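Asks: Structure file model_25.pdb (PDB, C-alpha atoms) right here:
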```pdb
MODEL        1
ATOM      1  CA  MET A   1     108.763 108.760  75.963  1.00  0.00           C
ATOM      2  CA  ARG A   2     108.015 105.364  74.404  1.00  0.00           C
ATOM      3  CA  TRP A   3     105.914 104.102  77.297  1.00  0.00           C
ATOM      4  CA  ALA A   4     103.575 107.124  77.368  1.00  0.00           C
ATOM      5  CA  ARG A   5     101.362 105.726  74.575  1.00  0.00           C
ATOM      6  CA  TRP A   6     100.424 102.778  76.832  1.00  0.00           C
ATOM      7  CA  VAL A   7      99.233 104.938  79.713  1.00  0.00           C
ATOM      8  CA  THR A   8      95.454 105.167  79.973  1.00  0.00           C
ATOM      9  CA  THR A   9      93.795 108.417  80.873  1.00  0.00           C
ATOM     10  CA  ALA A  10      91.654 108.853  83.949  1.00  0.00           C
ATOM     11  CA  SER A  11      87.972 108.259  83.264  1.00  0.00           C
ATOM     12  CA  GLN A  12      86.564 109.618  86.536  1.00  0.00           C
ATOM     13  CA  PRO A  13      87.371 112.788  88.465  1.00  0.00           C
ATOM     14  CA  GLY A  14      89.977 112.034  91.112  1.00  0.00           C
ATOM     15  CA  GLU A  15      91.399 109.004  89.244  1.00  0.00           C
ATOM     16  CA  PHE A  16      94.994 108.925  88.091  1.00  0.00           C
ATOM     17  CA  PRO A  17      96.335 107.724  84.741  1.00  0.00           C
ATOM     18  CA  ALA A  18      97.491 104.103  84.907  1.00  0.00           C
ATOM     19  CA  LEU A  19      99.300 101.435  82.942  1.00  0.00           C
ATOM     20  CA  PRO A  20      97.104  98.602  81.638  1.00  0.00           C
ATOM     21  CA  GLN A  21      97.015  95.675  84.058  1.00  0.00           C
ATOM     22  CA  GLY A  22      96.530  92.854  81.594  1.00  0.00           C
ATOM     23  CA  LYS A  23      95.257  89.401  82.600  1.00  0.00           C
ATOM     24  CA  ASN A  24      97.204  87.068  84.824  1.00  0.00           C
ATOM     25  CA  GLY A  25      97.490  83.717  83.061  1.00  0.00           C
ATOM     26  CA  ILE A  26      97.850  81.884  86.371  1.00  0.00           C
ATOM     27  CA  ASP A  27      94.520  80.790  87.821  1.00  0.00           C
ATOM     28  CA  ARG A  28      95.899  79.291  91.055  1.00  0.00           C
ATOM     29  CA  LEU A  29      96.770  81.420  94.035  1.00  0.00           C
ATOM     30  CA  ILE A  30      97.663  81.251  97.687  1.00  0.00           C
ATOM     31  CA  PRO A  31      96.754  84.113 100.023  1.00  0.00           C
ATOM     32  CA  VAL A  32      99.962  85.403 101.624  1.00  0.00           C
ATOM     33  CA  ALA A  33      98.491  84.875 105.100  1.00  0.00           C
ATOM     34  CA  ARG A  34      98.370  81.136 104.297  1.00  0.00           C
ATOM     35  CA  ILE A  35     101.983  80.704 103.185  1.00  0.00           C
ATOM     36  CA  SER A  36     102.745  78.612 106.289  1.00  0.00           C
ATOM     37  CA  ASP A  37      99.678  76.436 105.762  1.00  0.00           C
ATOM     38  CA  MET A  38     100.708  75.837 102.150  1.00  0.00           C
ATOM     39  CA  LEU A  39     104.253  74.770 102.994  1.00  0.00           C
ATOM     40  CA  LEU A  40     103.238  72.628 105.980  1.00  0.00           C
ATOM     41  CA  ASN A  41     100.220  70.944 104.314  1.00  0.00           C
ATOM     42  CA  PRO A  42     101.039  70.185 100.671  1.00  0.00           C
ATOM     43  CA  GLY A  43      98.244  68.429  98.781  1.00  0.00           C
ATOM     44  CA  LYS A  44      95.580  69.303 101.360  1.00  0.00           C
ATOM     45  CA  PRO A  45      92.386  71.121 100.279  1.00  0.00           C
ATOM     46  CA  PHE A  46      91.400  74.550 101.620  1.00  0.00           C
ATOM     47  CA  ASP A  47      88.518  76.965 101.077  1.00  0.00           C
ATOM     48  CA  TYR A  48      89.162  80.482  99.815  1.00  0.00           C
ATOM     49  CA  ASN A  49      86.783  83.067  98.403  1.00  0.00           C
ATOM     50  CA  GLY A  50      84.035  80.516  97.816  1.00  0.00           C
ATOM     51  CA  ARG A  51      86.364  78.138  95.986  1.00  0.00           C
ATOM     52  CA  ARG A  52      87.803  74.774  97.049  1.00  0.00           C
ATOM     53  CA  LEU A  53      91.517  74.803  96.239  1.00  0.00           C
ATOM     54  CA  THR A  54      94.440  72.464  96.980  1.00  0.00           C
ATOM     55  CA  TYR A  55      97.800  73.472  98.413  1.00  0.00           C
ATOM     56  CA  PRO A  56     100.545  72.688  95.879  1.00  0.00           C
ATOM     57  CA  TYR A  57     103.794  70.872  96.597  1.00  0.00           C
ATOM     58  CA  ILE A  58     106.429  73.609  96.713  1.00  0.00           C
ATOM     59  CA  ARG A  59     110.178  72.898  96.729  1.00  0.00           C
ATOM     60  CA  LEU A  60     111.510  76.370  95.812  1.00  0.00           C
ATOM     61  CA  ALA A  61     110.222  79.821  96.710  1.00  0.00           C
ATOM     62  CA  TYR A  62     111.322  83.117  95.178  1.00  0.00           C
ATOM     63  CA  TRP A  63     110.324  86.032  97.410  1.00  0.00           C
ATOM     64  CA  ALA A  64     110.676  89.449  95.761  1.00  0.00           C
ATOM     65  CA  GLY A  65     109.841  92.524  97.780  1.00  0.00           C
ATOM     66  CA  GLY A  66     108.320  92.553 101.195  1.00  0.00           C
ATOM     67  CA  ASN A  67     109.205  90.621 104.293  1.00  0.00           C
ATOM     68  CA  PRO A  68     106.761  87.964 105.498  1.00  0.00           C
ATOM     69  CA  PHE A  69     108.484  87.909 108.892  1.00  0.00           C
ATOM     70  CA  HIS A  70     107.384  91.507 109.339  1.00  0.00           C
ATOM     71  CA  HIS A  71     103.650  90.910 109.003  1.00  0.00           C
ATOM     72  CA  HIS A  72     102.941  87.208 109.481  1.00  0.00           C
ATOM     73  CA  GLN A  73     100.728  86.118 112.389  1.00  0.00           C
ATOM     74  CA  ASP A  74     102.843  83.234 113.765  1.00  0.00           C
ATOM     75  CA  LEU A  75     106.572  83.726 113.212  1.00  0.00           C
ATOM     76  CA  ALA A  76     107.650  80.408 114.738  1.00  0.00           C
ATOM     77  CA  ARG A  77     105.278  78.564 112.409  1.00  0.00           C
ATOM     78  CA  LEU A  78     106.500  80.575 109.404  1.00  0.00           C
ATOM     79  CA  ARG A  79     110.087  79.673 110.228  1.00  0.00           C
ATOM     80  CA  GLN A  80     109.109  76.001 110.490  1.00  0.00           C
ATOM     81  CA  ALA A  81     107.309  76.282 107.138  1.00  0.00           C
ATOM     82  CA  PHE A  82     110.303  77.872 105.391  1.00  0.00           C
ATOM     83  CA  CYS A  83     112.429  74.922 106.598  1.00  0.00           C
ATOM     84  CA  GLN A  84     110.246  72.631 104.426  1.00  0.00           C
ATOM     85  CA  LEU A  85     111.621  74.252 101.259  1.00  0.00           C
ATOM     86  CA  ASP A  86     114.635  72.877  99.425  1.00  0.00           C
ATOM     87  CA  THR A  87     115.574  76.403  98.312  1.00  0.00           C
ATOM     88  CA  LEU A  88     114.461  79.867  99.362  1.00  0.00           C
ATOM     89  CA  ILE A  89     115.550  82.785  97.180  1.00  0.00           C
ATOM     90  CA  VAL A  90     115.000  86.301  98.519  1.00  0.00           C
ATOM     91  CA  HIS A  91     115.325  89.409  96.338  1.00  0.00           C
ATOM     92  CA  VAL A  92     115.257  92.318  98.778  1.00  0.00           C
ATOM     93  CA  ALA A  93     117.443  94.245 101.152  1.00  0.00           C
ATOM     94  CA  TRP A  94     118.791  92.392 104.202  1.00  0.00           C
ATOM     95  CA  THR A  95     115.704  91.375 106.216  1.00  0.00           C
ATOM     96  CA  ALA A  96     114.590  88.543 108.484  1.00  0.00           C
ATOM     97  CA  SER A  97     113.476  86.699 105.339  1.00  0.00           C
ATOM     98  CA  ALA A  98     116.957  87.066 103.867  1.00  0.00           C
ATOM     99  CA  ARG A  99     118.458  85.504 106.990  1.00  0.00           C
ATOM    100  CA  HIS A 100     116.479  82.319 106.258  1.00  0.00           C
ATOM    101  CA  ALA A 101     117.266  82.302 102.526  1.00  0.00           C
ATOM    102  CA  ASP A 102     119.610  79.986 100.682  1.00  0.00           C
ATOM    103  CA  ILE A 103     120.239  82.658  98.045  1.00  0.00           C
ATOM    104  CA  VAL A 104     119.930  86.418  98.543  1.00  0.00           C
ATOM    105  CA  LEU A 105     119.783  88.591  95.424  1.00  0.00           C
ATOM    106  CA  PRO A 106     120.648  92.245  96.006  1.00  0.00           C
ATOM    107  CA  ALA A 107     117.973  94.883  95.659  1.00  0.00           C
ATOM    108  CA  THR A 108     118.680  97.636  93.157  1.00  0.00           C
ATOM    109  CA  MET A 109     118.799 101.332  93.866  1.00  0.00           C
ATOM    110  CA  THR A 110     116.604 103.752  91.908  1.00  0.00           C
ATOM    111  CA  LEU A 111     119.437 104.831  89.602  1.00  0.00           C
ATOM    112  CA  GLU A 112     120.227 101.202  88.714  1.00  0.00           C
ATOM    113  CA  ARG A 113     116.752 100.535  87.295  1.00  0.00           C
ATOM    114  CA  GLU A 114     115.666 101.035  83.718  1.00  0.00           C
ATOM    115  CA  ASP A 115     111.988 101.628  84.317  1.00  0.00           C
ATOM    116  CA  ILE A 116     109.511 104.450  84.723  1.00  0.00           C
ATOM    117  CA  GLY A 117     110.593 105.148  88.308  1.00  0.00           C
ATOM    118  CA  GLY A 118     114.174 105.720  87.192  1.00  0.00           C
ATOM    119  CA  ALA A 119     113.303 107.813  84.128  1.00  0.00           C
TER     120      ALA A 119
ENDMDL
END
```
How would this structure read if it were set down as structure tokens?

Replies:
Amino acid sequence: MRWARWVTTASQPGEFPALPQGKNGIDRLIPVARISDMLLNPGKPFDYNGRRLTYPYIRLAYWAGGNPFHHHQDLARLRQAFCQLDTLIVHVAWTASARHADIVLPATMTLEREDIGGA
């Protein structure tokens, strides 16, 4: 197994071996609970985790995995926010998010993947 040499061993009792996480090169983020705020208020500042950030101007969203319509607090507001996008791409099974998407990419089955889960 080629990938096995990258797996770290558990250092504490009860921990499981894990793949290295690496460092995310992107320093800007939007909490998922604020997706509607971001799309409805581009360029406006907001406070998060002790930092003052600014909502970016977003024209395209690519949503892979999950379904924000399943767990968002205000569904009518989320729908209004998604209408602000020029393009919404959803990469999951058929969900409420997919119904609002301009492009729906099919999800793969386990046997179609070439990763650890399919090995």

Asks: Nearest residue to A:Tyr57 out of A:Ala18, A:Asp74, A:Met38, A:Pro45, using all atoms listed in the file?

Replies: A:Met38

Asks: Would you kindly translate the PyMOL selection byres ((chain A and resi 82) around 12) into the concrete residues it picks from this file, as a JSON list (two decimals) with C-alpha atoms, keeping the file's coordinate frame?

Replies:
```
[["chain", "number", "residue", "atom", "x", "y", "z"],
["A", 35, "ILE", "CA", 101.98, 80.70, 103.18],
["A", 36, "SER", "CA", 102.74, 78.61, 106.29],
["A", 37, "ASP", "CA", 99.68, 76.44, 105.76],
["A", 38, "MET", "CA", 100.71, 75.84, 102.15],
["A", 39, "LEU", "CA", 104.25, 74.77, 102.99],
["A", 40, "LEU", "CA", 103.24, 72.63, 105.98],
["A", 58, "ILE", "CA", 106.43, 73.61, 96.71],
["A", 59, "ARG", "CA", 110.18, 72.90, 96.73],
["A", 60, "LEU", "CA", 111.51, 76.37, 95.81],
["A", 61, "ALA", "CA", 110.22, 79.82, 96.71],
["A", 62, "TYR", "CA", 111.32, 83.12, 95.18],
["A", 63, "TRP", "CA", 110.32, 86.03, 97.41],
["A", 68, "PRO", "CA", 106.76, 87.96, 105.50],
["A", 69, "PHE", "CA", 108.48, 87.91, 108.89],
["A", 75, "LEU", "CA", 106.57, 83.73, 113.21],
["A", 76, "ALA", "CA", 107.65, 80.41, 114.74],
["A", 77, "ARG", "CA", 105.28, 78.56, 112.41],
["A", 78, "LEU", "CA", 106.50, 80.58, 109.40],
["A", 79, "ARG", "CA", 110.09, 79.67, 110.23],
["A", 80, "GLN", "CA", 109.11, 76.00, 110.49],
["A", 81, "ALA", "CA", 107.31, 76.28, 107.14],
["A", 83, "CYS", "CA", 112.43, 74.92, 106.60],
["A", 84, "GLN", "CA", 110.25, 72.63, 104.43],
["A", 85, "LEU", "CA", 111.62, 74.25, 101.26],
["A", 86, "ASP", "CA", 114.64, 72.88, 99.42],
["A", 87, "THR", "CA", 115.57, 76.40, 98.31],
["A", 88, "LEU", "CA", 114.46, 79.87, 99.36],
["A", 89, "ILE", "CA", 115.55, 82.78, 97.18],
["A", 90, "VAL", "CA", 115.00, 86.30, 98.52],
["A", 96, "ALA", "CA", 114.59, 88.54, 108.48],
["A", 97, "SER", "CA", 113.48, 86.70, 105.34],
["A", 98, "ALA", "CA", 116.96, 87.07, 103.87],
["A", 99, "ARG", "CA", 118.46, 85.50, 106.99],
["A", 100, "HIS", "CA", 116.48, 82.32, 106.26],
["A", 101, "ALA", "CA", 117.27, 82.30, 102.53],
["A", 102, "ASP", "CA", 119.61, 79.99, 100.68]]
```

Asks: Let me have the centre and edge lengths in Å, one decimal, of the box along x, y and z around every listed atom of stretch 57-71 of chain A with 5 Å of margin on each side, as JSON.

Replies:
```
{"center_x": 107.6, "center_y": 81.7, "center_z": 102.3, "size_x": 17.9, "size_y": 31.7, "size_z": 24.2}
```

Asks: Would you mind telling me which residue in A:Pro17, A:Ile30, A:Gly66, A:His71 lies nearest to A:Arg51 when using all atoms listed in the file?

Replies: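 When distances to A:Arg51 are compared using all atoms listed in the file, the smallest one comes from A:Ile30.
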
Asks: Spell out the residues picked by the PyMOL selection byres ((chain A and resi 105) around 7) here, as a ChimeraX atom specification.

Replies: /A:90-92,103-104,106-107

Asks: One decimal, in Å: what's the spacing between atom CA of A:Trp94 and atom CA of A:Tyr55?

Replies: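 That distance, rounded to one decimal, is 28.8 Å.
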
Asks: Please compute the atom CA of A:Phe16-atom CA of A:Ala33 distance, one decimal, in Å.

Replies: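 Between atom CA of A:Phe16 and atom CA of A:Ala33 the gap is 29.7 Å.
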
Asks: Under the rule that all atoms listed in the file are counted, which of A:Leu29, A:Met109, A:Leu19, A:Ala93 is the nearest residue to A:Gly65?

Replies: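 Closest to A:Gly65, using all atoms listed in the file: A:Ala93.
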
Asks: Figure out the distance between atom CA of A:Gly22 and atom CA of A:His72, please, to one decimal in Å.

Replies: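 Straight-line distance from atom CA of A:His72 to atom CA of A:Gly22 works out to 29.2 Å.
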